[in-house]
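Pasting my_file_7.txt here (compact mmCIF, C-alpha atoms):
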```txt
# COMPACT_ATOMS: atom_id res chain seq x y z
CA MET A 5 -28.76 -8.04 58.54
CA SER A 6 -31.23 -10.95 58.51
CA PRO A 7 -31.50 -13.04 61.71
CA ASP A 8 -30.14 -16.03 59.76
CA MET A 9 -27.06 -14.09 58.70
CA GLN A 10 -26.57 -12.71 62.18
CA LYS A 11 -26.64 -16.23 63.57
CA ALA A 12 -24.18 -17.48 60.96
CA LEU A 13 -21.92 -14.51 61.60
CA ASN A 14 -21.83 -15.15 65.33
CA ALA A 15 -21.20 -18.86 64.75
CA CYS A 16 -18.35 -18.13 62.33
CA MET A 17 -16.67 -15.76 64.76
CA GLU A 18 -16.99 -18.22 67.63
CA THR A 19 -15.76 -21.09 65.49
CA HIS A 20 -12.76 -19.06 64.36
CA GLY A 21 -11.88 -18.45 68.01
CA HIS A 22 -12.37 -22.09 69.01
CA CYS A 23 -10.18 -23.28 66.16
CA GLU A 24 -7.36 -20.86 67.00
CA GLN A 25 -7.40 -21.96 70.64
CA THR A 26 -7.78 -25.64 69.79
CA MET A 27 -4.72 -25.42 67.52
CA THR A 28 -2.66 -24.21 70.46
CA HIS A 29 -4.04 -27.06 72.56
CA CYS A 30 -3.09 -29.55 69.82
CA LEU A 31 0.45 -28.18 69.57
CA GLN A 32 0.79 -28.48 73.34
CA GLN A 33 -0.35 -32.13 73.23
CA GLY A 34 1.73 -33.26 70.25
CA GLY A 35 1.51 -36.78 68.82
CA ARG A 36 -1.58 -37.51 66.77
CA TYR A 37 -3.04 -34.13 67.77
CA VAL A 38 -0.68 -32.53 65.30
CA ASP A 39 -1.03 -34.73 62.29
CA MET A 40 -1.68 -33.13 58.93
CA THR A 41 -5.40 -33.93 58.86
CA MET A 42 -6.16 -32.50 62.27
CA MET A 43 -4.01 -29.37 62.10
CA GLY A 44 -4.89 -28.80 58.45
CA ALA A 45 -8.61 -28.99 59.25
CA LEU A 46 -8.22 -26.54 62.12
CA MET A 47 -6.13 -24.09 60.09
CA ASP A 48 -8.53 -24.15 57.14
CA CYS A 49 -11.57 -23.83 59.37
CA ALA A 50 -10.05 -20.96 61.36
CA ASP A 51 -9.16 -19.05 58.19
CA ILE A 52 -12.33 -19.67 56.20
CA THR A 53 -14.78 -18.93 59.03
CA ARG A 54 -12.93 -15.69 59.75
CA MET A 55 -13.16 -14.64 56.13
CA GLY A 56 -16.79 -15.70 55.99
CA ALA A 57 -17.50 -13.51 59.01
CA ASP A 58 -15.73 -10.57 57.37
CA MET A 59 -17.77 -10.95 54.16
CA MET A 60 -21.00 -11.11 56.17
CA MET A 61 -20.09 -8.00 58.17
CA ARG A 62 -19.29 -6.17 54.94
CA GLN A 63 -22.51 -7.38 53.34
CA SER A 64 -20.45 -8.64 50.44
CA PRO A 65 -22.19 -10.24 47.43
CA MET A 66 -19.84 -13.19 48.08
CA ALA A 67 -21.31 -13.75 51.57
CA MET A 68 -23.72 -16.48 50.46
CA GLU A 69 -21.13 -18.67 48.83
CA MET A 70 -18.67 -18.01 51.62
CA ALA A 71 -21.37 -19.31 54.00
CA GLU A 72 -21.61 -22.51 51.96
CA MET A 73 -17.85 -22.92 52.10
CA CYS A 74 -17.88 -22.24 55.84
CA ALA A 75 -20.47 -25.01 56.22
CA ARG A 76 -18.26 -27.47 54.33
CA VAL A 77 -15.02 -26.63 56.11
CA SER A 78 -16.71 -26.67 59.52
CA THR A 79 -18.23 -30.07 58.84
CA ARG A 80 -14.82 -31.40 57.88
CA CYS A 81 -13.23 -29.88 60.97
CA ALA A 82 -15.98 -31.28 63.22
CA GLU A 83 -15.28 -34.75 61.83
CA ALA A 84 -11.54 -34.42 62.45
CA CYS A 85 -12.11 -33.21 66.03
CA MET A 86 -14.65 -35.98 66.75
CA THR A 87 -11.96 -38.60 66.17
CA MET A 88 -10.53 -37.40 69.50
CA ASN A 89 -13.75 -36.76 71.35
CA GLY A 90 -12.40 -38.31 74.51
CA ASP A 91 -10.68 -34.96 74.95
CA PRO A 92 -13.24 -32.37 76.08
CA ILE A 93 -11.48 -29.52 74.25
CA MET A 94 -11.63 -31.41 70.96
CA LYS A 95 -15.23 -32.41 71.58
CA ARG A 96 -16.27 -28.84 72.30
CA CYS A 97 -14.53 -27.64 69.15
CA ALA A 98 -16.36 -30.34 67.15
CA GLU A 99 -19.69 -29.22 68.58
CA MET A 100 -19.00 -25.57 67.82
CA CYS A 101 -18.03 -26.48 64.25
CA ARG A 102 -21.26 -28.43 63.78
CA THR A 103 -23.35 -25.57 65.10
CA CYS A 104 -21.51 -23.29 62.69
CA ALA A 105 -22.13 -25.61 59.76
CA GLU A 106 -25.86 -25.64 60.52
CA ALA A 107 -26.08 -21.88 60.91
CA CYS A 108 -24.19 -21.32 57.66
CA ARG A 109 -26.37 -23.78 55.77
CA ALA A 110 -29.50 -22.14 57.16
CA MET A 111 -28.20 -18.77 55.99
CA ALA A 112 -27.32 -20.05 52.53
CA GLY A 113 -30.67 -21.84 52.29
CA THR A 114 -29.07 -25.18 51.50
CA ARG A 115 -29.31 -28.71 52.80
CA ALA A 116 -26.63 -31.16 53.99
CA MET B 21 7.58 3.17 46.58
CA SER B 22 11.20 3.55 47.74
CA PRO B 23 13.68 0.83 46.66
CA ASP B 24 14.09 -0.12 50.35
CA MET B 25 10.36 -0.61 50.80
CA GLN B 26 10.09 -2.54 47.54
CA LYS B 27 12.82 -4.88 48.74
CA ALA B 28 11.16 -5.36 52.11
CA LEU B 29 7.81 -5.96 50.43
CA ASN B 30 9.23 -8.65 48.17
CA ALA B 31 11.01 -10.28 51.09
CA CYS B 32 7.84 -10.28 53.21
CA MET B 33 5.81 -11.89 50.45
CA GLU B 34 8.44 -14.56 49.84
CA THR B 35 8.83 -15.22 53.54
CA HIS B 36 5.09 -15.57 53.94
CA GLY B 37 5.10 -18.19 51.18
CA HIS B 38 8.09 -20.06 52.61
CA CYS B 39 6.50 -20.19 56.05
CA GLU B 40 3.18 -21.52 54.72
CA GLN B 41 4.95 -24.24 52.79
CA THR B 42 7.35 -25.05 55.60
CA MET B 43 4.39 -25.50 57.99
CA THR B 44 3.01 -28.16 55.68
CA HIS B 45 6.42 -29.81 55.57
CA CYS B 46 6.58 -29.77 59.38
CA LEU B 47 3.12 -31.32 59.71
CA GLN B 48 4.17 -34.04 57.28
CA GLN B 49 7.29 -34.80 59.32
CA GLY B 50 5.69 -34.74 62.78
CA GLY B 51 7.73 -35.22 65.97
CA ARG B 52 9.79 -32.25 67.05
CA TYR B 53 8.93 -30.49 63.77
CA VAL B 54 5.52 -29.76 65.21
CA ASP B 55 6.31 -28.57 68.67
CA MET B 56 4.79 -25.35 69.90
CA THR B 57 7.92 -23.24 69.42
CA MET B 58 8.49 -24.29 65.83
CA MET B 59 4.91 -24.23 64.59
CA GLY B 60 4.11 -21.12 66.59
CA ALA B 61 7.10 -19.29 65.09
CA LEU B 62 6.06 -20.31 61.56
CA MET B 63 2.42 -19.32 62.09
CA ASP B 64 3.31 -15.94 63.56
CA CYS B 65 5.90 -15.23 60.89
CA ALA B 66 3.52 -16.25 58.08
CA ASP B 67 0.75 -14.00 59.41
CA ILE B 68 2.83 -10.97 60.32
CA THR B 69 4.90 -10.85 57.12
CA ARG B 70 1.70 -11.11 55.09
CA MET B 71 0.13 -8.24 56.98
CA GLY B 72 3.36 -6.25 56.70
CA ALA B 73 3.30 -6.76 52.94
CA ASP B 74 -0.33 -5.60 52.77
CA MET B 75 0.45 -2.43 54.75
CA MET B 76 3.42 -1.66 52.47
CA MET B 77 1.33 -2.20 49.34
CA ARG B 78 -1.34 0.12 50.73
CA GLN B 79 1.26 2.70 51.74
CA SER B 80 -0.21 2.64 55.21
CA PRO B 81 1.18 4.99 57.89
CA MET B 82 1.62 1.79 59.95
CA ALA B 83 4.02 0.32 57.36
CA MET B 84 7.17 1.39 59.20
CA GLU B 85 6.29 -0.17 62.50
CA MET B 86 4.93 -3.26 60.76
CA ALA B 87 8.36 -3.57 59.10
CA GLU B 88 10.02 -3.50 62.52
CA MET B 89 7.66 -6.18 63.76
CA CYS B 90 8.32 -8.24 60.62
CA ALA B 91 12.05 -8.00 61.36
CA ARG B 92 11.55 -9.29 64.91
CA VAL B 93 9.22 -12.15 64.02
CA SER B 94 11.42 -13.21 61.08
CA THR B 95 14.49 -13.26 63.29
CA ARG B 96 12.66 -15.44 65.81
CA CYS B 97 11.44 -17.78 63.07
CA ALA B 98 14.92 -18.01 61.55
CA GLU B 99 16.27 -19.07 64.93
CA ALA B 100 13.60 -21.74 65.33
CA CYS B 101 14.25 -23.12 61.84
CA MET B 102 18.03 -23.11 62.34
CA THR B 103 17.66 -25.62 65.19
CA MET B 104 16.82 -28.12 62.44
CA ASN B 105 19.22 -26.91 59.79
CA GLY B 106 20.17 -30.45 58.85
CA ASP B 107 16.90 -30.42 56.91
CA PRO B 108 17.38 -28.36 53.73
CA ILE B 109 13.76 -27.12 53.76
CA MET B 110 14.13 -25.76 57.29
CA LYS B 111 17.49 -24.25 56.43
CA ARG B 112 16.15 -22.52 53.35
CA CYS B 113 13.24 -21.12 55.38
CA ALA B 114 15.69 -19.83 58.00
CA GLU B 115 17.75 -18.11 55.31
CA MET B 116 14.69 -16.51 53.75
CA CYS B 117 13.58 -15.27 57.18
CA ARG B 118 16.99 -13.72 57.83
CA THR B 119 16.98 -11.97 54.47
CA CYS B 120 13.53 -10.67 55.28
CA ALA B 121 14.62 -9.41 58.70
CA GLU B 122 17.49 -7.50 57.10
CA ALA B 123 15.32 -5.99 54.38
CA CYS B 124 12.70 -4.91 56.92
CA ARG B 125 15.30 -3.37 59.21
CA ALA B 126 16.83 -1.53 56.27
CA MET B 127 13.42 -0.17 55.36
CA ALA B 128 12.62 0.88 58.92
CA GLY B 129 16.08 2.43 59.26
CA THR B 130 16.85 0.46 62.41
CA ARG B 131 19.67 -1.72 63.66
CA ALA B 132 19.71 -5.25 65.09
CA MET C 10 2.57 -28.96 43.05
CA SER C 11 1.08 -29.41 39.56
CA PRO C 12 1.98 -26.79 36.92
CA ASP C 13 -1.70 -25.74 36.83
CA MET C 14 -1.75 -25.14 40.56
CA GLN C 15 1.57 -23.30 40.43
CA LYS C 16 0.17 -21.00 37.76
CA ALA C 17 -3.01 -20.37 39.73
CA LEU C 18 -0.99 -19.74 42.87
CA ASN C 19 1.20 -17.16 41.15
CA ALA C 20 -1.84 -15.49 39.60
CA CYS C 21 -3.62 -15.32 42.97
CA MET C 22 -0.61 -13.76 44.65
CA GLU C 23 -0.19 -11.19 41.89
CA THR C 24 -3.90 -10.41 41.85
CA HIS C 25 -3.92 -9.93 45.61
CA GLY C 26 -1.09 -7.41 45.24
CA HIS C 27 -2.75 -5.58 42.34
CA CYS C 28 -6.02 -5.28 44.25
CA GLU C 29 -4.32 -3.90 47.37
CA GLN C 30 -2.48 -1.29 45.33
CA THR C 31 -5.50 -0.47 43.18
CA MET C 32 -7.57 0.15 46.33
CA THR C 33 -5.06 2.77 47.41
CA HIS C 34 -5.24 4.32 43.95
CA CYS C 35 -9.06 4.40 44.17
CA LEU C 36 -9.00 6.06 47.58
CA GLN C 37 -6.59 8.67 46.22
CA GLN C 38 -8.92 9.39 43.27
CA GLY C 39 -12.21 9.49 45.20
CA GLY C 40 -15.57 10.01 43.48
CA ARG C 41 -16.90 7.00 41.63
CA TYR C 42 -13.62 5.16 42.23
CA VAL C 43 -14.74 4.59 45.78
CA ASP C 44 -18.32 3.51 45.35
CA MET C 45 -19.48 0.37 47.09
CA THR C 46 -19.36 -1.85 44.01
CA MET C 47 -15.81 -0.94 43.06
CA MET C 48 -14.24 -0.93 46.51
CA GLY C 49 -16.25 -3.95 47.60
CA ALA C 50 -15.08 -5.91 44.56
CA LEU C 51 -11.46 -4.98 45.21
CA MET C 52 -11.65 -5.83 48.92
CA ASP C 53 -13.31 -9.20 48.28
CA CYS C 54 -10.91 -10.06 45.48
CA ALA C 55 -7.87 -9.07 47.54
CA ASP C 56 -8.99 -11.19 50.50
CA ILE C 57 -10.19 -14.26 48.61
CA THR C 58 -7.21 -14.54 46.26
CA ARG C 59 -4.88 -14.25 49.23
CA MET C 60 -6.69 -17.01 51.06
CA GLY C 61 -6.78 -19.11 47.90
CA ALA C 62 -3.02 -18.72 47.57
CA ASP C 63 -2.53 -19.76 51.21
CA MET C 64 -4.66 -22.90 50.73
CA MET C 65 -2.71 -23.84 47.60
CA MET C 66 0.63 -23.33 49.34
CA ARG C 67 -0.57 -25.50 52.23
CA GLN C 68 -1.89 -28.14 49.82
CA SER C 69 -5.22 -27.92 51.60
CA PRO C 70 -8.08 -30.22 50.55
CA MET C 71 -10.09 -26.97 50.20
CA ALA C 72 -7.69 -25.66 47.52
CA MET C 73 -9.86 -26.76 44.60
CA GLU C 74 -13.01 -25.06 45.74
CA MET C 75 -11.06 -22.00 46.83
CA ALA C 76 -9.73 -21.85 43.24
CA GLU C 77 -13.30 -21.85 41.92
CA MET C 78 -14.22 -19.06 44.30
CA CYS C 79 -11.10 -17.12 43.28
CA ALA C 80 -12.21 -17.46 39.65
CA ARG C 81 -15.64 -16.04 40.45
CA VAL C 82 -14.44 -13.14 42.58
CA SER C 83 -11.71 -12.23 40.07
CA THR C 84 -14.20 -12.22 37.22
CA ARG C 85 -16.46 -9.90 39.20
CA CYS C 86 -13.55 -7.62 40.08
CA ALA C 87 -12.36 -7.55 36.46
CA GLU C 88 -15.84 -6.41 35.40
CA ALA C 89 -15.90 -3.65 38.02
CA CYS C 90 -12.44 -2.41 36.99
CA MET C 91 -13.30 -2.52 33.28
CA THR C 92 -16.03 0.09 33.83
CA MET C 93 -13.14 2.54 34.32
CA ASN C 94 -10.78 1.18 31.73
CA GLY C 95 -9.83 4.66 30.57
CA ASP C 96 -7.58 4.64 33.63
CA PRO C 97 -4.51 2.49 32.93
CA ILE C 98 -4.24 1.34 36.57
CA MET C 99 -7.83 0.08 36.58
CA LYS C 100 -7.34 -1.55 33.20
CA ARG C 101 -4.21 -3.36 34.33
CA CYS C 102 -5.98 -4.58 37.45
CA ALA C 103 -8.87 -5.86 35.30
CA GLU C 104 -6.44 -7.73 33.07
CA MET C 105 -4.64 -9.29 36.02
CA CYS C 106 -7.99 -10.38 37.49
CA ARG C 107 -9.00 -12.01 34.21
CA THR C 108 -5.71 -13.87 33.95
CA CYS C 109 -6.24 -15.04 37.50
CA ALA C 110 -9.78 -16.22 36.78
CA GLU C 111 -8.52 -18.27 33.84
CA ALA C 112 -5.65 -19.80 35.79
CA CYS C 113 -7.94 -20.72 38.68
CA ARG C 114 -10.53 -22.26 36.37
CA ALA C 115 -7.81 -24.25 34.62
CA MET C 116 -6.60 -25.52 37.97
CA ALA C 117 -10.10 -26.44 39.14
CA GLY C 118 -10.83 -28.07 35.79
CA THR C 119 -13.97 -26.03 35.25
CA ARG C 120 -15.41 -23.91 32.44
CA ALA C 121 -16.86 -20.36 32.37
CA MET D 16 -5.44 -16.31 79.97
CA SER D 17 -5.10 -13.32 82.33
CA PRO D 18 -8.18 -11.12 82.85
CA ASP D 19 -6.28 -8.24 81.19
CA MET D 20 -5.56 -10.30 78.11
CA GLN D 21 -9.14 -11.59 77.98
CA LYS D 22 -10.41 -8.01 78.06
CA ALA D 23 -8.00 -6.91 75.34
CA LEU D 24 -8.95 -9.94 73.24
CA ASN D 25 -12.65 -9.17 73.48
CA ALA D 26 -12.03 -5.52 72.69
CA CYS D 27 -9.90 -6.40 69.64
CA MET D 28 -12.57 -8.74 68.28
CA GLU D 29 -15.31 -6.18 68.77
CA THR D 30 -13.22 -3.42 67.26
CA HIS D 31 -12.44 -5.57 64.25
CA GLY D 32 -16.18 -6.08 63.74
CA HIS D 33 -17.02 -2.41 64.19
CA CYS D 34 -14.35 -1.36 61.70
CA GLU D 35 -15.55 -3.83 59.06
CA GLN D 36 -19.12 -2.62 59.40
CA THR D 37 -18.14 1.04 59.57
CA MET D 38 -16.17 0.65 56.34
CA THR D 39 -19.34 -0.53 54.61
CA HIS D 40 -21.20 2.42 56.08
CA CYS D 41 -18.50 4.79 54.78
CA LEU D 42 -18.64 3.32 51.29
CA GLN D 43 -22.42 3.73 51.31
CA GLN D 44 -22.08 7.40 52.31
CA GLY D 45 -19.28 8.37 49.91
CA GLY D 46 -17.73 11.84 49.88
CA ARG D 47 -15.37 12.60 52.72
CA TYR D 48 -16.34 9.31 54.39
CA VAL D 49 -14.15 7.55 51.87
CA ASP D 50 -11.05 9.66 51.84
CA MET D 51 -7.70 7.99 52.22
CA THR D 52 -7.21 8.89 55.89
CA MET D 53 -10.59 7.59 57.01
CA MET D 54 -10.73 4.39 54.97
CA GLY D 55 -7.03 3.72 55.51
CA ALA D 56 -7.45 4.04 59.28
CA LEU D 57 -10.42 1.68 59.26
CA MET D 58 -8.68 -0.89 57.07
CA ASP D 59 -5.52 -0.86 59.17
CA CYS D 60 -7.44 -1.01 62.43
CA ALA D 61 -9.65 -3.86 61.20
CA ASP D 62 -6.65 -5.90 60.07
CA ILE D 63 -4.34 -5.26 63.00
CA THR D 64 -6.95 -5.82 65.75
CA ARG D 65 -7.94 -9.09 64.08
CA MET D 66 -4.34 -10.24 63.99
CA GLY D 67 -3.83 -9.08 67.56
CA ALA D 68 -6.82 -11.16 68.63
CA ASP D 69 -5.45 -14.21 66.80
CA MET D 70 -2.05 -13.86 68.52
CA MET D 71 -3.73 -13.54 71.93
CA MET D 72 -5.91 -16.60 71.30
CA ARG D 73 -2.83 -18.56 70.27
CA GLN D 74 -0.87 -17.32 73.28
CA SER D 75 1.84 -16.21 70.90
CA PRO D 76 5.06 -14.69 72.29
CA MET D 77 4.26 -11.78 69.92
CA ALA D 78 0.95 -11.06 71.69
CA MET D 79 2.37 -8.30 73.89
CA GLU D 80 3.82 -6.24 71.08
CA MET D 81 0.77 -6.87 68.93
CA ALA D 82 -1.29 -5.41 71.80
CA GLU D 83 0.86 -2.28 71.74
CA MET D 84 0.38 -1.98 68.00
CA CYS D 85 -3.36 -2.52 68.41
CA ALA D 86 -3.41 0.33 70.93
CA ARG D 87 -1.67 2.66 68.47
CA VAL D 88 -3.78 1.78 65.45
CA SER D 89 -7.01 1.98 67.47
CA THR D 90 -6.08 5.40 68.80
CA ARG D 91 -5.42 6.60 65.26
CA CYS D 92 -8.69 5.14 64.03
CA ALA D 93 -10.62 6.69 66.93
CA GLU D 94 -9.19 10.09 65.98
CA ALA D 95 -10.20 9.66 62.33
CA CYS D 96 -13.73 8.61 63.28
CA MET D 97 -14.12 11.47 65.79
CA THR D 98 -13.71 13.99 62.95
CA MET D 99 -17.21 12.86 61.89
CA ASN D 100 -18.75 12.38 65.31
CA GLY D 101 -21.99 14.00 64.22
CA ASP D 102 -22.71 10.60 62.64
CA PRO D 103 -23.65 8.12 65.41
CA ILE D 104 -22.09 5.17 63.57
CA MET D 105 -18.74 6.94 63.33
CA LYS D 106 -18.99 8.07 66.94
CA ARG D 107 -19.73 4.57 68.17
CA CYS D 108 -16.77 3.22 66.18
CA ALA D 109 -14.52 5.89 67.70
CA GLU D 110 -15.67 4.92 71.21
CA MET D 111 -15.08 1.24 70.56
CA CYS D 112 -11.60 2.00 69.23
CA ARG D 113 -10.76 4.03 72.34
CA THR D 114 -11.95 1.26 74.64
CA CYS D 115 -9.80 -1.15 72.65
CA ALA D 116 -6.75 1.10 72.90
CA GLU D 117 -7.15 1.26 76.67
CA ALA D 118 -7.63 -2.48 77.05
CA CYS D 119 -4.59 -3.20 74.90
CA ARG D 120 -2.43 -0.74 76.79
CA ALA D 121 -3.57 -2.24 80.09
CA MET D 122 -2.63 -5.68 78.81
CA ALA D 123 0.76 -4.54 77.54
CA GLY D 124 1.38 -2.65 80.77
CA THR D 125 2.15 0.59 79.00
CA ARG D 126 1.01 4.19 79.22
CA ALA D 127 -0.34 6.59 76.59
```
Output the file's structure in the form of structure tokens.
Amino acid sequence: MSPDMQKALNACMETHGHCEQTMTHCLQQGGRYVDMTMMGALMDCADITRMGADMMMRQSPMAMEMAEMCARVSTRCAEACMTMNGDPIMKRCAEMCRTCAEACRAMAGTRA
Amino acid sequence: MSPDMQKALNACMETHGHCEQTMTHCLQQGGRYVDMTMMGALMDCADITRMGADMMMRQSPMAMEMAEMCARVSTRCAEACMTMNGDPIMKRCAEMCRTCAEACRAMAGTRA
Amino acid sequence: MSPDMQKALNACMETHGHCEQTMTHCLQQGGRYVDMTMMGALMDCADITRMGADMMMRQSPMAMEMAEMCARVSTRCAEACMTMNGDPIMKRCAEMCRTCAEACRAMAGTRA
Amino acid sequence: MSPDMQKALNACMETHGHCEQTMTHCLQQGGRYVDMTMMGALMDCADITRMGADMMMRQSPMAMEMAEMCARVSTRCAEACMTMNGDPIMKRCAEMCRTCAEACRAMAGTRA
């Protein structure tokens, strides 16, 4: 596996974990933590980064485009989490998602 | 595939779908629809019935015990949904979960 | 849900099921049924169509691009299965994958 | 999260990764690497440990019984991999699966 893919793989796995745990935090907080946009972003990001990681581990021919999709979903999730960045758990999740987006874009060789 | 397993498989797939759609409904409603117990029950039930269905389709040696776990998680989800049975979507999800629990128990040859 | 999305959703769920069952068939046959290209295509198609279906059911903002990815992975899987179209199970899986690719493209409003 | 659960969580995530990568290795080798028992054990173990990890991260009430199921599926997968322990990749996967089984049993507070 290339160093770029290895980095993206690690970032996807970590992001998956952060999103799963952040979802639980959101459900414990209630209120605007659990609106459709926030929970939807976390659910999508958790699922897509996990699948991206699986495709990378399997060396699937779909791994490149999964990395691009991981970059998009992580960017969206980072934005959702940053709307509540007064909460350190949300802020940390946002940062992890951004790191993941960068690593996935680097792997896929794309910009923005 | 035995008729009992086919029935359990169909019920698991339908329950998975109901839970996914009911989660979206809950997030749209907010308030007590999105508390930990309710959303957690829906998430667990969605994930476990889907995996149960996959194991049955693959004729995995784990299919029997997955069916038992599907029965337990569906029963728990049905109970959570029944606390809001004034809402027809929640009630329908509860009914689907109960049907699934029965079909999975019948397949696994267990009681209660 | 729009009729196009409903059709794509049904096709994704059916394709997921066909791929899971076809994988078991391939493992039972052995030989060239289980080479990397064939099994990899089935595994990717099974996983991606399932996730596509979940995103559609949740009405996720990622549903459109998941549909495009489902179309690509189903097309690839159909091609892999068609190399063994003397086997009715492989042929049926190929046909299901093609139907799925068409339904997903129709939903996403794309060509080819 | 208790130290026991943290250990089981880490072991489940690592085992999931090992199984995904070992499956690719098996498909590359062909022959008896890809028989039903071997590939089936790897697929089941990959899927169930991943779901177990998700339930632990979410602090689901199903986490305990998922840990027990992870222990069983990992034990089965370790046994399958040990039949080919002349291959260092298979041996390493077997060892990871055993470690996972132990960690999950410790978490669930069960024996054997």
Notebook entry, point to check: Within 12 Å of chain D, which residues of chain C show up when using only C-alpha atoms, listed as an NGL selection string?
Noted result: :C and (29 or 32-50 or 52 or 56)
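Here atom CA of Thr95 of chain B is placed at a distance of 9.9 Å from atom CA of Glu115 of chain B.
The spacing separating atom CA of Ser94 of chain B from atom CA of Glu117 of chain D amounts to 28.2 Å.
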Note to self: If we count all atoms listed in the file and set the cut-off at 12 Å, which residues sit around Thr114 of chain D, ignoring sequence neighbours fewer than 5 positions away in its own chain? Please answer as a PyMOL selection string.
What the structure shows: chain D and resi 22-30+85-86+89-90+92-93+107-109+119-121
Margin query: Report, in Å to a single decimal, how far apart atom CA of Cys23 of chain A and atom CA of Ser75 of chain D are.
Written below: 14.7 Å
Checklist line | Neighbour list for Glu85 of chain B as a list in words, cut-off 9 Å, all atoms listed in the file, skip fewer than 5 positions in-chain | finding: Gly72, Cys90 and Ala128 of chain B; Met84 of chain D
